[in-house]
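A.B. asks: Handing you a structure now.
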Number of protein chains: 2
Amino acid sequence: MAGTEIEAIRALLAASPRSSNLAERRERLDGFGAHYPLPHDVTVAPVDAGGVPAEWTVTPEADPARVVLFLHGGGYVSGSLDSHRHMMAETGRVARARTLALAYRLAPEHPFPAALDDALAGYRFLLESGLSPDNIVLSGESAGGGLALATALSLRDAGLPLPRCLWLASPWVDLEMTGASMDTKAAVDPLIQREYLTELAEAYRAGRDAANPLISPLHADLEGLPPMLIQVGTTETLLDDSLRLAGLAASADVAVTLQAWPHMIHAWHMFYPQLAEGRQSLASAGAFIRAHLGDGTAVRHPTIGA
Amino acid sequence: MAGTEIEAIRALLAASPRSSNLAERRERLDGFGAHYPLPHDVTVAPVDAGGVPAEWTVTPEADPARVVLFLHGGGYVSGSLDSHRHMMAETGRVARARTLALAYRLAPEHPFPAALDDALAGYRFLLESGLSPDNIVLSGESAGGGLALATALSLRDAGLPLPRCLWLASPWVDLEMTGASMDTKAAVDPLIQREYLTELAEAYRAGRDAANPLISPLHADLEGLPPMLIQVGTTETLLDDSLRLAGLAASADVAVTLQAWPHMIHAWHMFYPQLAEGRQSLASAGAFIRAHLGDGTAVRHPTIGA
């Protein structure tokens, strides 16, 4: 039985159906985020992250030496700093870290590998600012989850220092949509259907092979990646992306934790102000991050705003 | 890269190869447990648990109102209270609960459903002692993990109150051995190979269908089961049992957490006194249990020894 809170969010989504117009789609996703006021104790600071428009979010709980680098969702064609600012604030609070959200370039104007190039630039910006990679979490939601994995794979293959851990929420890692849940969960997923994903994938790929491991990390060898937390809702057509990713990671000797959240929909964390499971999922991600970065009680490098 | 501690355990296992003689097999597994001294602050109390020989293990940290019911591993033919007593002590400490380990009947002397009947009797014993099912964790390792699942399924189907959560370590849930890891991990698994499992399965089934969901819970509909934590090592032939079980649970809207522990071998928790990952895995299971049962700081029913 699903709870009344998730039913309210389903109603909210149904009342604001996705447009076929790109500008309206982007406005819709930004609107879901802007709907939630930002707590008064959150400091937001725009920053040029190695050429990528980005934004720091800092709560009083944040250890400035620790950073969660975040890649928003939106199918590579929508999503922004506005859509996820509230979620970044809460993430930083529970992780006791600063968050750096990237406004990476979007398709169809900027297809692959523009987003990946921007994510790599944002990560290098953190390294060059003097942060230890052991104090960096690389994270993403939906398409941003796949992008975070592609970023980690690129870092590994380039011999660059890897982030301490990965946090992936509802990650999209198979741009060929071959998961069984694409059909078995279609009737219960209010957001993500095969036709929509096909359109997104074509915009992002722009003719490149969907089986490219940097486009569909489900085709990658994950050996050597840092510990990862994967969180997925059980009413997602993308459920099997997470299940198969967890299996691929475990088979490659990666430390992987998979959490399946009953009755949660795609990217449910976004709705945390009105959804207990959203808050619990963020708290659980925060605990995972704190366990990997250390407890964050010691402020090692007081460089807020750097 | 595996650490030196797990290499030492691999050497220990290699120095004491498994016998084809049943009595010697049982002695070997008991010996691995007896090898580790019990901490001085642990109280061990034998008990008749509804006709099943059993044993309470209590540490000073235990809230007596909270109980972890445990079903040991050993392929349904070996394992005992002796083999896992040390692990029970540490489990109770980190879970802040009493542990009740069952000496359920073993095959080939007592094939299916003797072990399941005993597990059910042990659970009913806890209910009849006045414990709230919300304060009971049902747990098991290896064959005991499959048995814990079969027990939960039987409780559900009988309309009995379910335990608050399940903890499954290296569970064996497919007695047909159809997982890909049965082959892909064969070269790195020092304990569990297809031939050995086939022998165990035949002893336990005694002619019954391996696809019976109470024998191979991978064939069960898991709907309605409580939250479960599955812990598995990445160098196990049984890795795919855990991966597929997690997928089956998630698809059925069960709250499931899967943890894959790099380079860990089957049932590595047993070796926790000399293995950091063993202690970490138990601590993580303890955290999962505490999160589900409440924080355990309040002693609600001081009935130690009940």
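Naming works like this for the structure tokens: A, B, ... for the chains as they're shown, residue 1 at the start of each chain, ligands 1 onward in shown order.
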Within 10 Å of chain B, which residues of chain A show up when using only C-alpha atoms, listed as a ChimeraX atom specification?

C.D. replies: /A:1-2,181,184-185,224,227,229-236,239-240,242-244,246-264

A.B. asks: For those residues, write C-alpha atoms to a file as a PDB file, in the first residue's frame.

C.D. replies:
ATOM      1  CA  MET A   1       0.000   0.000   0.000  1.00  0.00           C
ATOM      2  CA  ALA A   2       1.358   3.356  -0.960  1.00  0.00           C
ATOM      3  CA  SER A 181      10.858  -3.109 -15.606  1.00  0.00           C
ATOM      4  CA  THR A 184       6.522  -4.498 -15.918  1.00  0.00           C
ATOM      5  CA  LYS A 185       6.463  -1.148 -14.089  1.00  0.00           C
ATOM      6  CA  GLY A 224      38.150   0.134  -9.628  1.00  0.00           C
ATOM      7  CA  PRO A 227      31.963   2.608  -3.176  1.00  0.00           C
ATOM      8  CA  LEU A 229      25.081   3.944  -3.046  1.00  0.00           C
ATOM      9  CA  ILE A 230      22.237   3.366  -5.499  1.00  0.00           C
ATOM     10  CA  GLN A 231      18.725   4.389  -4.452  1.00  0.00           C
ATOM     11  CA  VAL A 232      15.704   3.479  -6.562  1.00  0.00           C
ATOM     12  CA  GLY A 233      11.949   3.417  -6.165  1.00  0.00           C
ATOM     13  CA  THR A 234      10.069   0.180  -6.723  1.00  0.00           C
ATOM     14  CA  THR A 235       7.479   1.820  -8.978  1.00  0.00           C
ATOM     15  CA  GLU A 236      10.008   2.997 -11.544  1.00  0.00           C
ATOM     16  CA  LEU A 239      14.123  -0.084 -11.483  1.00  0.00           C
ATOM     17  CA  ASP A 240      16.062  -2.608 -13.541  1.00  0.00           C
ATOM     18  CA  SER A 242      19.566   0.124 -10.728  1.00  0.00           C
ATOM     19  CA  LEU A 243      19.294  -3.620 -10.173  1.00  0.00           C
ATOM     20  CA  ARG A 244      21.525  -4.417 -13.128  1.00  0.00           C
ATOM     21  CA  ALA A 246      24.282  -3.067  -8.691  1.00  0.00           C
ATOM     22  CA  GLY A 247      24.934  -6.519 -10.116  1.00  0.00           C
ATOM     23  CA  LEU A 248      27.509  -5.217 -12.556  1.00  0.00           C
ATOM     24  CA  ALA A 249      29.291  -3.325  -9.796  1.00  0.00           C
ATOM     25  CA  ALA A 250      29.264  -6.267  -7.370  1.00  0.00           C
ATOM     26  CA  SER A 251      30.542  -8.611 -10.049  1.00  0.00           C
ATOM     27  CA  ALA A 252      33.445  -6.194 -10.592  1.00  0.00           C
ATOM     28  CA  ASP A 253      34.326  -6.195  -6.853  1.00  0.00           C
ATOM     29  CA  VAL A 254      32.980  -2.699  -6.277  1.00  0.00           C
ATOM     30  CA  ALA A 255      31.519  -1.938  -2.835  1.00  0.00           C
ATOM     31  CA  VAL A 256      27.894  -1.303  -3.730  1.00  0.00           C
ATOM     32  CA  THR A 257      24.858  -0.642  -1.606  1.00  0.00           C
ATOM     33  CA  LEU A 258      21.487  -0.815  -3.319  1.00  0.00           C
ATOM     34  CA  GLN A 259      18.375   0.489  -1.610  1.00  0.00           C
ATOM     35  CA  ALA A 260      14.961  -0.195  -3.146  1.00  0.00           C
ATOM     36  CA  TRP A 261      12.287   2.113  -1.696  1.00  0.00           C
ATOM     37  CA  PRO A 262       8.781   0.657  -1.835  1.00  0.00           C
ATOM     38  CA  HIS A 263       6.163   2.619  -3.774  1.00  0.00           C
ATOM     39  CA  MET A 264       8.546   5.477  -4.495  1.00  0.00           C
TER      40      MET A 264
END

A.B. asks: Identify, with DSSP run on backbone atoms, the residues in stretch 140-282 of chain B assigned to strand (DSSP E or B), and express the list as a VMD selection string.

C.D. replies: chain B and resid 140 to 141 165 to 169 228 to 233 256 to 261

A.B. asks: Okay, now the selection with C-alpha atoms, as a short mmCIF file (atom, residue, chain, number, x, y, z; two decimals), in the first residue's frame?

C.D. replies:
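Result saved to out-v3.cif:
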data_model
loop_
_atom_site.label_atom_id
_atom_site.label_comp_id
_atom_site.auth_asym_id
_atom_site.auth_seq_id
_atom_site.Cartn_x
_atom_site.Cartn_y
_atom_site.Cartn_z
CA GLY B 140 20.17 -16.34 8.80
CA GLU B 141 23.39 -17.06 7.00
CA CYS B 165 12.86 -7.06 9.44
CA LEU B 166 15.06 -9.72 7.89
CA TRP B 167 18.84 -9.91 7.84
CA LEU B 168 20.34 -12.35 5.38
CA ALA B 169 24.09 -12.97 5.13
CA MET B 228 15.36 -6.95 4.40
CA LEU B 229 19.10 -6.45 4.46
CA ILE B 230 21.07 -8.77 2.19
CA GLN B 231 24.85 -8.90 2.61
CA VAL B 232 27.02 -10.80 0.17
CA GLY B 233 30.69 -11.03 -0.71
CA VAL B 256 15.39 -4.17 0.33
CA THR B 257 18.95 -3.11 1.00
CA LEU B 258 21.68 -5.05 -0.74
CA GLN B 259 25.29 -4.67 0.30
CA ALA B 260 28.04 -6.24 -1.82
CA TRP B 261 31.32 -6.46 0.09
#

A.B. asks: Nearest residue to B:Ala23 out of B:Leu131, B:Ala62, B:Leu126, B:Val77, using only C-alpha atoms?

C.D. replies: B:Val77

A.B. asks: Enumerate, as a short mmCIF file (atom, residue, chain, number, x, y, z; two decimals) with C-alpha atoms, in the first residue's frame, the complete set of residues in stretch 75-222 of chain A that a backbone-based DSSP assignment places in alpha helix (DSSP H).

C.D. replies:
data_model
loop_
_atom_site.label_atom_id
_atom_site.label_comp_id
_atom_site.auth_asym_id
_atom_site.auth_seq_id
_atom_site.Cartn_x
_atom_site.Cartn_y
_atom_site.Cartn_z
CA LEU A 81 20.23 24.73 -10.65
CA ASP A 82 16.68 25.95 -9.98
CA SER A 83 15.05 22.51 -10.14
CA HIS A 84 17.26 20.96 -7.46
CA ARG A 85 18.43 23.85 -5.25
CA HIS A 86 16.15 22.84 -2.36
CA MET A 87 17.34 19.23 -2.60
CA MET A 88 20.96 20.37 -2.59
CA ALA A 89 20.38 22.31 0.62
CA GLU A 90 18.97 19.26 2.37
CA THR A 91 21.66 16.99 0.93
CA GLY A 92 24.39 19.23 2.28
CA ARG A 93 22.71 19.38 5.64
CA VAL A 94 22.45 15.61 6.09
CA ALA A 95 25.86 14.95 4.52
CA ALA A 114 29.12 18.16 -23.71
CA ALA A 115 27.53 17.19 -20.38
CA LEU A 116 30.36 14.79 -19.60
CA ASP A 117 32.98 17.40 -20.47
CA ASP A 118 31.26 19.82 -18.10
CA ALA A 119 31.04 17.27 -15.29
CA LEU A 120 34.75 16.54 -15.66
CA ALA A 121 35.53 20.26 -15.66
CA GLY A 122 33.51 20.67 -12.47
CA TYR A 123 35.37 17.84 -10.77
CA ARG A 124 38.76 19.19 -11.85
CA PHE A 125 37.70 22.58 -10.50
CA LEU A 126 37.26 20.98 -7.08
CA LEU A 127 40.64 19.26 -7.24
CA GLU A 128 42.33 22.48 -8.33
CA ALA A 143 20.31 11.09 -16.23
CA GLY A 144 22.65 12.83 -13.80
CA GLY A 145 23.26 9.45 -12.15
CA GLY A 146 24.36 7.96 -15.45
CA LEU A 147 26.45 11.07 -16.05
CA ALA A 148 28.10 10.71 -12.64
CA LEU A 149 29.06 7.13 -13.51
CA ALA A 150 30.40 8.19 -16.91
CA THR A 151 32.40 10.88 -15.13
CA ALA A 152 33.89 8.38 -12.69
CA LEU A 153 34.76 6.01 -15.54
CA SER A 154 36.45 8.85 -17.43
CA LEU A 155 38.44 9.86 -14.35
CA ARG A 156 39.54 6.28 -13.80
CA ASP A 157 40.57 5.83 -17.41
CA ALA A 158 42.49 9.12 -17.37
CA SER A 181 10.86 -3.11 -15.61
CA MET A 182 10.49 -0.81 -18.62
CA ASP A 183 7.38 -2.90 -19.27
CA THR A 184 6.52 -4.50 -15.92
CA ARG A 194 9.90 4.10 -23.02
CA GLU A 195 8.75 6.54 -25.71
CA TYR A 196 9.89 9.54 -23.67
CA LEU A 197 13.25 7.94 -22.88
CA THR A 198 13.77 7.09 -26.54
CA GLU A 199 13.29 10.73 -27.46
CA LEU A 200 15.72 11.84 -24.72
CA ALA A 201 18.30 9.24 -25.69
CA GLU A 202 18.20 10.31 -29.34
CA ALA A 203 18.64 13.95 -28.38
CA TYR A 204 21.62 13.14 -26.17
CA ARG A 205 23.29 10.57 -28.41
#

A.B. asks: As a PDB file with C-alpha atoms, in the first residue's frame, please: the residues near B:Ala54 (cut-off 7 Å, only C-alpha atoms, same-chain neighbours under 5 positions excluded).

C.D. replies:
ATOM      1  CA  PRO B  46      20.391 -22.844  26.732  1.00  0.00           C
ATOM      2  CA  VAL B  47      16.643 -22.896  26.201  1.00  0.00           C
ATOM      3  CA  ASP B  48      13.989 -25.212  24.786  1.00  0.00           C
ATOM      4  CA  ALA B  49      12.445 -23.005  22.097  1.00  0.00           C
ATOM      5  CA  LEU B 100      18.263 -16.618  20.005  1.00  0.00           C
ATOM      6  CA  ALA B 101      20.121 -19.163  17.882  1.00  0.00           C
ATOM      7  CA  LEU B 102      18.260 -22.321  16.892  1.00  0.00           C
ATOM      8  CA  ALA B 103      19.794 -25.770  16.573  1.00  0.00           C
TER       9      ALA B 103
END

A.B. asks: One decimal, in Å: what's the spacing between atom CA of A:Ser132 and atom CA of A:Ser80?

C.D. replies: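 Calculated distance between atom CA of A:Ser132 and atom CA of A:Ser80 is 26.5 Å.
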
A.B. asks: What's the separation between atom CA of B:Leu22 and atom CA of B:Tyr76, in Å to one decimal place?

C.D. replies: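 Result for atom CA of B:Leu22 versus atom CA of B:Tyr76: 11.8 Å, one decimal.
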
A.B. asks: Got a sec: who's within 10 Å of B:His35, counting only C-alpha atoms, leaving out chain neighbours fewer than 3 positions off, as an MDAnalysis selection string?

C.D. replies: chainID B and resid 30:32 38 83 86 271

A.B. asks: With distances taken over only C-alpha atoms, which residue among A:Leu293, A:Leu29, A:Leu138, A:Ala45 lies nearest A:Gly79?

C.D. replies: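 For A:Gly79, the nearest of the candidates is A:Leu29.
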
A.B. asks: For A:Tyr36, which residue among A:Gly278, A:Pro64, A:Gly75, A:Pro273 is the nearest when counting only C-alpha atoms?

C.D. replies: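 Closest to A:Tyr36 of all the choices is A:Pro273.
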
A.B. asks: Which residues come within 12 Å of B:Ala276, counting only C-alpha atoms, excluding same-chain residues fewer than 3 positions away, as a VMD selection string?

C.D. replies: chain B and resid 3 to 6 9 261 264 268 to 273 279 to 283

A.B. asks: Okay, now the selection with C-alpha atoms, as a PDB file, in the first residue's frame?

C.D. replies:
ATOM      1  CA  GLY B   3      43.583  -7.385   2.031  1.00  0.00           C
ATOM      2  CA  THR B   4      45.953  -9.503   4.071  1.00  0.00           C
ATOM      3  CA  GLU B   5      43.252 -10.435   6.585  1.00  0.00           C
ATOM      4  CA  ILE B   6      41.012 -12.173   4.079  1.00  0.00           C
ATOM      5  CA  ILE B   9      41.364 -16.675   6.272  1.00  0.00           C
ATOM      6  CA  TRP B 261      31.317  -6.456   0.088  1.00  0.00           C
ATOM      7  CA  MET B 264      34.700 -11.065   0.907  1.00  0.00           C
ATOM      8  CA  TRP B 268      32.796 -13.972   6.079  1.00  0.00           C
ATOM      9  CA  HIS B 269      31.014 -12.584   9.148  1.00  0.00           C
ATOM     10  CA  MET B 270      32.036 -15.751  11.032  1.00  0.00           C
ATOM     11  CA  PHE B 271      35.653 -14.683  10.907  1.00  0.00           C
ATOM     12  CA  TYR B 272      35.036 -11.205  12.291  1.00  0.00           C
ATOM     13  CA  PRO B 273      37.558 -11.468  15.173  1.00  0.00           C
ATOM     14  CA  ARG B 279      33.222  -6.482  12.067  1.00  0.00           C
ATOM     15  CA  GLN B 280      32.068  -3.752   9.691  1.00  0.00           C
ATOM     16  CA  SER B 281      29.432  -6.013   8.160  1.00  0.00           C
ATOM     17  CA  LEU B 282      28.090  -6.958  11.578  1.00  0.00           C
ATOM     18  CA  ALA B 283      28.122  -3.310  12.630  1.00  0.00           C
TER      19      ALA B 283
END

A.B. asks: Calculated over only C-alpha atoms, which of the candidates A:Glu61, A:Arg26, A:Trp56, A:Ser139 has the smallest distance to A:Thr99?

C.D. replies: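 That would be A:Trp56, the residue with the smallest distance to A:Thr99.
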
A.B. asks: Which residue out of A:Asn21, A:Ser216, A:Ser78, A:Thr59 has the minimum interatomic distance to A:Val173 when only C-alpha atoms are used?

C.D. replies: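 For A:Val173, the nearest of the candidates is A:Ser216.
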
A.B. asks: Just to confirm, what's the straight-line distance from atom CA of A:Trp172 to atom CA of A:Glu55 in Å (one decimal)?

C.D. replies: 23.6 Å

A.B. asks: Have a look at B:Asp221, B:Thr43, B:Pro60, B:Pro161 and name the one nearest to B:Pro133; count only C-alpha atoms.

C.D. replies: B:Pro161
